[in-house]
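Shown next: start_3.txt, containing compact mmCIF, C-alpha atoms and all ligand atoms.
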# COMPACT_ATOMS: atom_id res chain seq x y z
CA MET A 1 9.85 31.05 1.58
CA ALA A 2 6.25 32.05 2.26
CA HIS A 3 6.72 30.63 5.74
CA VAL A 4 9.78 32.80 6.38
CA LEU A 5 7.97 35.89 5.09
CA ASP A 6 5.01 35.10 7.26
CA ARG A 7 7.30 34.95 10.30
CA LEU A 8 8.98 38.22 9.42
CA VAL A 9 5.64 39.96 8.98
CA ARG A 10 4.41 38.55 12.26
CA HIS A 11 7.58 39.64 14.02
CA ALA A 12 7.09 43.19 12.70
CA GLU A 13 3.50 43.18 13.98
CA TRP A 14 4.67 42.13 17.44
CA GLN A 15 7.20 44.89 17.53
CA GLN A 16 4.39 47.34 16.91
CA THR A 17 2.20 45.81 19.62
CA GLU A 18 5.28 45.38 21.83
CA GLN A 19 4.74 41.76 22.81
CA PRO A 20 3.83 38.55 21.03
CA PRO A 21 0.81 36.75 22.48
CA ALA A 22 1.61 34.53 25.44
CA LEU A 23 -0.05 31.67 23.58
CA GLU A 24 -1.03 31.29 19.98
CA LEU A 25 -2.71 28.26 18.50
CA GLN A 26 -3.29 28.16 14.78
CA HIS A 27 -5.70 25.70 13.22
CA VAL A 28 -4.99 23.03 15.79
CA THR A 29 -6.57 19.61 15.46
CA ALA A 30 -5.80 17.09 18.18
CA GLY A 31 -7.15 13.97 19.82
CA TYR A 32 -6.55 10.33 20.51
CA ASP A 33 -7.83 7.31 18.59
CA GLY A 34 -11.13 8.16 16.96
CA PRO A 35 -12.56 11.53 16.01
CA PRO A 36 -10.53 14.62 16.99
CA VAL A 37 -11.26 16.23 20.34
CA LEU A 38 -10.15 19.70 19.20
CA ARG A 39 -10.91 20.63 15.62
CA ASP A 40 -9.24 23.47 13.73
CA LEU A 41 -8.91 25.56 16.90
CA SER A 42 -7.27 28.97 16.59
CA LEU A 43 -6.68 30.97 19.72
CA GLN A 44 -4.64 33.88 21.03
CA VAL A 45 -4.03 34.50 24.70
CA PRO A 46 -2.55 37.99 25.21
CA SER A 47 0.32 38.37 27.65
CA GLY A 48 -0.60 39.37 31.18
CA THR A 49 -4.16 38.09 31.13
CA LEU A 50 -6.26 35.83 33.30
CA PHE A 51 -7.81 33.38 30.88
CA ALA A 52 -10.51 30.85 31.77
CA VAL A 53 -11.20 27.66 29.82
CA LEU A 54 -14.66 26.17 30.33
CA GLY A 55 -16.79 23.44 28.86
CA PRO A 56 -18.60 20.19 29.64
CA ASN A 57 -16.81 17.02 30.74
CA GLY A 58 -14.98 15.50 27.79
CA SER A 59 -14.98 18.70 25.70
CA GLY A 60 -11.17 18.77 25.50
CA LYS A 61 -10.03 21.24 28.17
CA SER A 62 -7.33 18.96 29.57
CA THR A 63 -6.38 17.89 26.05
CA LEU A 64 -5.80 21.56 25.22
CA PHE A 65 -3.47 21.91 28.23
CA LYS A 66 -1.60 18.73 27.31
CA LEU A 67 -0.97 20.27 23.90
CA ILE A 68 0.21 23.62 25.23
CA SER A 69 2.46 22.01 27.81
CA GLY A 70 3.95 19.70 25.17
CA VAL A 71 2.74 16.48 26.82
CA MET A 72 0.86 15.74 23.61
CA ARG A 73 1.37 16.75 19.96
CA ALA A 74 -1.17 18.30 17.64
CA GLN A 75 -2.21 16.26 14.62
CA LYS A 76 -2.43 19.50 12.64
CA GLY A 77 -1.64 23.15 13.25
CA SER A 78 0.86 24.94 15.43
CA VAL A 79 1.30 26.07 19.03
CA ARG A 80 3.54 29.02 19.93
CA VAL A 81 4.44 30.37 23.33
CA GLN A 82 5.59 34.00 23.46
CA GLY A 83 6.19 33.78 19.75
CA GLN A 84 8.54 30.82 20.15
CA LEU A 85 8.16 27.26 19.06
CA LEU A 86 6.74 25.17 21.85
CA ALA A 87 9.87 23.04 22.23
CA VAL A 88 12.04 26.14 22.75
CA ALA A 89 9.62 27.64 25.28
CA ARG A 90 9.44 24.38 27.20
CA ARG A 91 13.20 24.06 27.48
CA SER A 92 13.49 27.55 28.93
CA GLY A 93 10.85 26.78 31.57
CA ALA A 94 8.42 29.40 30.18
CA ILE A 95 5.40 27.18 30.89
CA ALA A 96 4.34 25.93 34.30
CA TYR A 97 1.66 23.26 34.16
CA VAL A 98 -0.40 21.82 36.97
CA PRO A 99 -2.36 18.86 35.56
CA GLN A 100 -5.88 17.94 36.65
CA GLU A 101 -4.47 14.90 38.40
CA GLU A 102 -0.86 14.49 39.41
CA ALA A 103 0.67 11.15 38.46
CA ILE A 104 2.54 10.71 41.70
CA ASP A 105 3.35 7.76 43.90
CA TRP A 106 1.91 9.19 47.11
CA SER A 107 3.83 6.68 49.25
CA PHE A 108 7.14 8.16 48.02
CA PRO A 109 8.75 9.89 51.02
CA ILE A 110 9.11 13.39 49.56
CA SER A 111 8.34 16.52 51.56
CA VAL A 112 6.14 19.44 50.60
CA ARG A 113 9.23 21.66 50.34
CA GLU A 114 10.96 19.21 48.01
CA VAL A 115 7.91 19.12 45.74
CA VAL A 116 7.90 22.91 45.49
CA PHE A 117 11.65 22.88 44.84
CA GLY A 118 10.86 20.76 41.79
CA GLY A 119 9.52 23.99 40.25
CA ARG A 120 13.02 25.51 40.40
CA HIS A 121 14.69 22.83 38.27
CA ALA A 122 14.69 24.79 34.99
CA ILE A 123 16.10 27.90 36.69
CA MET A 124 18.68 25.89 38.65
CA ARG A 125 19.74 24.11 35.47
CA ARG A 126 20.36 27.52 33.90
CA ASP A 127 22.49 28.35 36.96
CA GLY A 128 24.50 25.17 36.30
CA ILE A 129 23.24 23.40 39.40
CA VAL A 130 23.13 19.60 39.27
CA ARG A 131 19.52 18.57 39.29
CA PHE A 132 19.79 15.86 41.88
CA ALA A 133 21.81 17.80 44.42
CA PRO A 134 19.88 18.01 47.71
CA TYR A 135 17.73 21.13 47.67
CA ARG A 136 19.06 22.39 51.01
CA PHE A 137 22.37 23.18 49.24
CA ALA A 138 20.64 25.50 46.76
CA ARG A 139 21.41 29.24 46.84
CA SER A 140 19.35 31.47 49.07
CA ALA A 141 17.56 33.02 46.05
CA HIS A 142 16.05 29.60 45.36
CA GLN A 143 15.21 29.10 49.03
CA HIS A 144 13.44 32.47 49.08
CA ALA A 145 11.48 31.69 45.93
CA VAL A 146 10.28 28.44 47.52
CA ASP A 147 9.45 30.20 50.80
CA SER A 148 7.42 32.86 49.07
CA ALA A 149 5.55 30.30 46.90
CA LEU A 150 4.68 28.26 50.01
CA GLU A 151 3.64 31.39 51.82
CA ALA A 152 1.39 32.48 48.93
CA VAL A 153 -0.66 29.28 49.28
CA GLU A 154 -0.40 29.30 53.09
CA MET A 155 1.53 26.03 53.30
CA LEU A 156 4.78 27.26 54.81
CA ASP A 157 3.98 25.74 58.18
CA MET A 158 3.47 22.33 56.55
CA GLN A 159 6.64 22.44 54.43
CA HIS A 160 8.22 19.43 56.14
CA ALA A 161 5.13 17.22 55.92
CA ARG A 162 5.21 14.25 53.57
CA ILE A 163 3.25 15.11 50.41
CA GLY A 164 1.33 11.83 50.68
CA ALA A 165 0.10 12.82 54.14
CA LEU A 166 -1.80 15.90 52.92
CA SER A 167 -5.48 16.27 52.15
CA GLY A 168 -6.62 16.69 48.54
CA GLY A 169 -7.04 20.47 48.82
CA GLN A 170 -3.66 20.87 50.55
CA LYS A 171 -1.98 18.90 47.75
CA LYS A 172 -3.58 21.25 45.20
CA ARG A 173 -2.09 24.22 47.04
CA VAL A 174 1.36 22.61 47.04
CA PHE A 175 1.26 21.99 43.28
CA LEU A 176 0.19 25.57 42.74
CA ALA A 177 3.19 26.63 44.87
CA ARG A 178 5.48 24.50 42.69
CA ALA A 179 4.14 26.29 39.58
CA LEU A 180 4.66 29.70 41.25
CA ALA A 181 8.22 28.79 42.23
CA GLN A 182 8.99 28.13 38.57
CA GLU A 183 8.50 31.86 37.79
CA ALA A 184 7.18 30.86 34.38
CA ALA A 185 5.69 33.43 32.00
CA VAL A 186 2.67 31.20 31.38
CA ILE A 187 0.93 29.23 34.13
CA LEU A 188 -1.55 26.51 33.17
CA LEU A 189 -3.80 25.25 35.95
CA ASP A 190 -6.23 22.42 35.21
CA GLU A 191 -9.13 22.68 37.66
CA PRO A 192 -7.29 24.25 40.61
CA PHE A 193 -10.61 24.89 42.38
CA ALA A 194 -11.94 21.32 42.22
CA GLY A 195 -12.31 19.95 45.73
CA VAL A 196 -10.93 23.00 47.54
CA ASP A 197 -12.81 24.91 50.23
CA TYR A 198 -14.26 28.37 49.70
CA ARG A 199 -11.49 30.21 51.55
CA THR A 200 -8.77 28.37 49.61
CA GLN A 201 -10.56 29.17 46.37
CA GLU A 202 -10.50 32.87 47.29
CA ARG A 203 -6.86 32.59 48.27
CA ILE A 204 -5.88 30.88 45.01
CA THR A 205 -7.82 33.50 43.02
CA SER A 206 -6.01 36.35 44.76
CA VAL A 207 -2.62 34.68 44.16
CA LEU A 208 -3.48 34.33 40.46
CA GLU A 209 -4.52 37.99 40.27
CA ARG A 210 -1.20 38.92 41.86
CA GLU A 211 0.62 36.89 39.20
CA ARG A 212 -1.33 38.71 36.50
CA ARG A 213 -0.30 42.07 38.01
CA ARG A 214 3.28 40.84 37.75
CA GLY A 215 2.75 40.38 34.03
CA LYS A 216 2.26 36.61 34.02
CA THR A 217 -0.34 34.92 31.87
CA VAL A 218 -2.56 32.57 33.84
CA VAL A 219 -4.78 30.06 32.06
CA VAL A 220 -7.23 28.18 34.24
CA VAL A 221 -9.60 25.33 33.47
CA THR A 222 -12.66 25.69 35.66
CA HIS A 223 -16.28 24.61 35.89
CA ASP A 224 -17.04 27.74 37.89
CA LEU A 225 -19.21 29.62 35.37
CA HIS A 226 -20.33 32.23 37.85
CA GLY A 227 -17.21 32.92 39.92
CA PHE A 228 -13.71 32.80 38.49
CA ALA A 229 -14.79 32.85 34.83
CA ARG A 230 -16.53 36.21 35.33
CA GLN A 231 -13.34 37.71 36.77
CA ALA A 232 -11.22 36.48 33.87
CA ASP A 233 -10.15 38.87 31.11
CA ARG A 234 -11.11 36.38 28.42
CA VAL A 235 -12.75 32.99 28.29
CA LEU A 236 -12.74 30.04 25.94
CA LEU A 237 -15.81 27.83 26.05
CA LEU A 238 -15.27 24.43 24.46
CA ALA A 239 -18.15 22.30 23.28
CA ARG A 240 -18.05 18.55 22.72
CA GLY A 241 -17.23 17.78 19.12
CA GLY A 242 -14.56 20.43 18.78
CA ARG A 243 -16.53 23.68 18.52
CA ALA A 244 -15.33 26.65 20.57
CA HIS A 245 -16.48 30.14 21.60
CA GLY A 246 -13.91 32.71 22.69
CA GLY A 247 -14.07 36.30 23.91
CA ALA A 248 -14.94 38.51 26.87
CA PRO A 249 -16.86 36.71 29.66
CA ASP A 250 -20.08 38.69 29.09
CA ASP A 251 -20.06 37.91 25.38
CA VAL A 252 -19.44 34.19 25.75
CA LEU A 253 -21.17 33.22 28.99
CA ARG A 254 -24.59 34.12 27.69
CA HIS A 255 -27.75 32.13 28.21
CA ASP A 256 -28.10 31.11 24.55
CA VAL A 257 -24.44 30.08 24.13
CA LEU A 258 -24.33 28.18 27.43
CA SER A 259 -27.59 26.36 26.68
CA GLU A 260 -26.20 25.23 23.34
CA VAL A 261 -22.81 24.13 24.67
CA TYR A 262 -24.16 22.41 27.78
CA GLU A 263 -27.03 20.95 25.76
CA GLY A 264 -29.76 22.21 28.04
CA LEU A 265 -30.92 25.07 30.15
CA VAL A 266 -28.06 26.80 31.94
CA THR A 267 -28.50 30.04 33.87
CA ALA A 268 -26.09 32.71 32.62
N1 LIG A 301 -5.52 9.29 27.28
C1 LIG A 301 -6.64 9.28 26.54
N2 LIG A 301 -6.84 8.31 25.63
C2 LIG A 301 -7.95 8.30 24.85
N3 LIG A 301 -8.93 9.23 24.93
C3 LIG A 301 -8.78 10.21 25.83
C4 LIG A 301 -7.64 10.29 26.68
N4 LIG A 301 -7.76 11.37 27.46
C5 LIG A 301 -8.92 11.94 27.13
N5 LIG A 301 -9.55 11.25 26.16
C6 LIG A 301 -10.83 11.59 25.53
O1 LIG A 301 -10.74 12.90 24.99
C7 LIG A 301 -11.93 13.63 25.23
C8 LIG A 301 -11.55 14.94 25.93
O2 LIG A 301 -10.96 14.64 27.20
P1 LIG A 301 -10.41 15.76 28.16
O3 LIG A 301 -9.75 15.07 29.29
O4 LIG A 301 -9.61 16.72 27.37
O5 LIG A 301 -11.77 16.46 28.61
P2 LIG A 301 -12.03 17.61 29.67
O6 LIG A 301 -12.74 18.71 28.95
O7 LIG A 301 -10.78 17.95 30.36
O8 LIG A 301 -13.07 16.91 30.66
P3 LIG A 301 -13.25 17.03 32.27
O9 LIG A 301 -14.13 18.24 32.51
O10 LIG A 301 -13.99 15.78 32.61
O11 LIG A 301 -11.91 17.11 32.90
C9 LIG A 301 -12.85 12.73 26.04
O12 LIG A 301 -13.81 12.19 25.16
C10 LIG A 301 -11.96 11.64 26.56
O13 LIG A 301 -12.63 10.42 26.62
MG MG A 302 -10.12 17.74 32.28
Please, can you express the file's structure as structure tokens?
Ligand SMILES: Nc1ncnc2c1ncn2[C@@H]1O[C@H](COP(=O)(O)OP(=O)(O)OP(=O)(O)O)[C@@H](O)[C@H]1O
Ligand SMILES: [Mg+2]
Amino acid sequence: MAHVLDRLVRHAEWQQTEQPPALELQHVTAGYDGPPVLRDLSLQVPSGTLFAVLGPNGSGKSTLFKLISGVMRAQKGSVRVQGQLLAVARRSGAIAYVPQEEAIDWSFPISVREVVFGGRHAIMRRDGIVRFAPYRFARSAHQHAVDSALEAVEMLDMQHARIGALSGGQKKRVFLARALAQEAAVILLDEPFAGVDYRTQERITSVLERERRRGKTVVVVTHDLHGFARQADRVLLLARGGRAHGGAPDDVLRHDVLSEVYEGLVTA
């Protein structure tokens, strides 16, 4: 009963503030065998924000994304997406997730365009389209969505290349395009800037800012303390052992906080 009341109260609050948070974690504890990686983590990501997740190697950034994308379950606590249970949000395609490393058989003969089309599956399913029908039979709206996603990452001219034949940075751009094609409300990108050149980094940043202007929520794991994280609306800084600092970039990315989290001298 208390649970139901709690939900009703929360629903009323959202109506006042118009929108539920894009993401809401409450007292989440998660990990693998051994001590938890995330400990009692509570977090709200408002809709329409650029949100950066930072922290040392092994602090749990990818684990956090696995939880939000539903790849992994929390040991304790709850995860909500746009006020909905995670399972409901996942089914409707509300979350697009680009993992740190794609588990893909690179020798599989699939083209760049087909990979990006993969992002349309949830929407096509809603349209009643059979998932395994060849993508070239899809309606023009889907074709346009794929074109514009490829164009955004400047990969349209390589759309017929085999995915396995691309460089590391080009592959990253294609997976970002797949996430864009999904038209999800929440986009999770785990280290999209790792191993990409400066110009591509700028390009990806401007695409993400465009998505934010369109009302999407973009959550990015990055090690770039001085670039992207400073442009974000909010940041979450994870420390090893499950501690976390959240807030505006200038409040979190301070010399004293960074030195503590990175266990040494870090220039703010
Ligand atoms: N599949 C797994 N099985 C067991 N332990 C894991 C697994 N994946 C991650 N871990 C452990 O969980 C902790 C957090 O890992 P996670 O991948 O979330 O870190 P991260 O912050 O993303 O690090 P990085 O910056 O290196 O990507 C690490 O100590 C890691 O060893
Ligand atoms: Mg990681």
List the spatial neighbours of A:Gly60 as an mmCIF file with C-alpha atoms, in the coordinates of the input - criterion: any atom at most 10 Å away, all atoms listed in the file, same-chain residues fewer than 4 positions off excluded.
data_model
loop_
_atom_site.group_PDB
_atom_site.id
_atom_site.type_symbol
_atom_site.label_atom_id
_atom_site.label_comp_id
_atom_site.auth_asym_id
_atom_site.auth_seq_id
_atom_site.Cartn_x
_atom_site.Cartn_y
_atom_site.Cartn_z
ATOM 1 C CA ALA A 30 -5.800 17.090 18.180
ATOM 2 C CA GLY A 31 -7.150 13.970 19.820
ATOM 3 C CA PRO A 36 -10.530 14.620 16.990
ATOM 4 C CA VAL A 37 -11.260 16.230 20.340
ATOM 5 C CA LEU A 38 -10.150 19.700 19.200
ATOM 6 C CA VAL A 53 -11.200 27.660 29.820
ATOM 7 C CA LEU A 54 -14.660 26.170 30.330
ATOM 8 C CA GLY A 55 -16.790 23.440 28.860
ATOM 9 C CA PRO A 56 -18.600 20.190 29.640
ATOM 10 C CA LEU A 64 -5.800 21.560 25.220
ATOM 11 C CA PHE A 65 -3.470 21.910 28.230
ATOM 12 C CA LYS A 66 -1.600 18.730 27.310
ATOM 13 C CA LEU A 238 -15.270 24.430 24.460
ATOM 14 C CA ALA A 239 -18.150 22.300 23.280
ATOM 15 C CA ARG A 240 -18.050 18.550 22.720
ATOM 16 C CA GLY A 241 -17.230 17.780 19.120
ATOM 17 C CA GLY A 242 -14.560 20.430 18.780
#
Can you check which parts of chain A lie within 6 Å of ligand LIG 301 (chain A)? Per residue, the shortest pair of atoms and distance in Å to one decimal, counting only C-alpha atoms and all ligand atoms, sorted by chain and number, as a tab-separated table.
residue	atom	partner	partner_atom	distance
A:Tyr32	CA	A:LIG301	C2	5.0
A:Val37	CA	A:LIG301	C7	5.6
A:Pro56	CA	A:LIG301	O9	5.7
A:Asn57	CA	A:LIG301	O9	3.4
A:Gly58	CA	A:LIG301	O5	3.4
A:Ser59	CA	A:LIG301	O6	3.9
A:Gly60	CA	A:LIG301	O4	3.2
A:Lys61	CA	A:LIG301	O6	3.8
A:Ser62	CA	A:LIG301	O7	3.7
A:Thr63	CA	A:LIG301	O4	3.7
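As for atom CA of A:Thr205 and atom CA of A:Leu23, they are spaced 21.0 Å apart.
Separating atom CA of A:Ala179 from atom CA of A:Leu237 is a distance of 24.2 Å.
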To one decimal in Å, tell me the separation between atom CA of A:Val252 and atom CA of A:Val218.
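A separation of 18.8 Å between them.
Proximity to A:Arg91 at 12 Å, evaluated using only C-alpha atoms and with sequence-adjacent residues fewer than 4 positions away removed, yields Ser69, Gly70, Val81, Gln84, Leu85, Leu86, Ala87, Ile95, Ala96, His121, Ala122, Ile123, Arg125, Arg126 and Ala184 of chain A.
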Hey, could you pull the box centre and edge lengths for stretch 54-68 of chain A, axis-aligned, 3 Å padding per side, all listed atoms, to one decimal in Å, as JSON?
{"center_x": -9.2, "center_y": 20.8, "center_z": 27.3, "size_x": 24.8, "size_y": 16.7, "size_z": 12.8}
Which residues come within 10 Å of A:Gln231, counting all atoms listed in the file, excluding same-chain residues fewer than 2 positions away, as a list in words?
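Non-adjacent residues within range: Leu50, Phe51, Ala52, Thr205, Glu209, His226, Gly227, Phe228, Ala229, Asp233, Arg234, Val235 and Pro249 of chain A.
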Selection above as a file: C-alpha atoms, as a JSON list (two decimals), in the frame of the given file:
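Just written: again-v8.json:
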[["chain", "number", "residue", "atom", "x", "y", "z"],
["A", 50, "LEU", "CA", -6.26, 35.83, 33.30],
["A", 51, "PHE", "CA", -7.81, 33.38, 30.88],
["A", 52, "ALA", "CA", -10.51, 30.85, 31.77],
["A", 205, "THR", "CA", -7.82, 33.50, 43.02],
["A", 209, "GLU", "CA", -4.52, 37.99, 40.27],
["A", 226, "HIS", "CA", -20.33, 32.23, 37.85],
["A", 227, "GLY", "CA", -17.21, 32.92, 39.92],
["A", 228, "PHE", "CA", -13.71, 32.80, 38.49],
["A", 229, "ALA", "CA", -14.79, 32.85, 34.83],
["A", 233, "ASP", "CA", -10.15, 38.87, 31.11],
["A", 234, "ARG", "CA", -11.11, 36.38, 28.42],
["A", 235, "VAL", "CA", -12.75, 32.99, 28.29],
["A", 249, "PRO", "CA", -16.86, 36.71, 29.66]]
Of the residues A:Pro99, A:Gly118, A:Gly93, A:Gly169, which is the one nearest to ligand MG 302 (chain A), using all atoms listed in the file?
A:Pro99
Neighbours of A:His255 within 12 Å (only C-alpha atoms; same-chain residues fewer than 3 positions away dropped), as JSON, numbers by chain?
{"A": [225, 249, 250, 251, 252, 258, 259, 260, 261, 262, 263, 264, 265, 266, 267, 268]}
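Minimum distance to ligand MG 302 (chain A) across A:Arg230, A:Arg162, A:His27, A:His223 (counting all atoms listed in the file) occurs at A:His223.
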Compare A:Ala149, A:Leu208, A:Ala248, A:Leu43 by their minimum atom-to-atom distance to A:Ala181, counting only C-alpha atoms, and give me the closest one.
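Selected residue with least distance to A:Ala181: A:Ala149.
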List as a list in words: which residues have an atom within 12 Å of (-13.2, 22.7, 41.3), counting all atoms listed in the file?
Leu54, Gln100, Gly168, Gly169, Lys172, Leu189, Asp190, Glu191, Pro192, Phe193, Ala194, Gly195, Val196, Asp197, Tyr198, Thr200, Gln201, Ile204, Val220, Val221, Thr222, His223, Asp224, Leu225, Gly227 and Phe228 of chain A
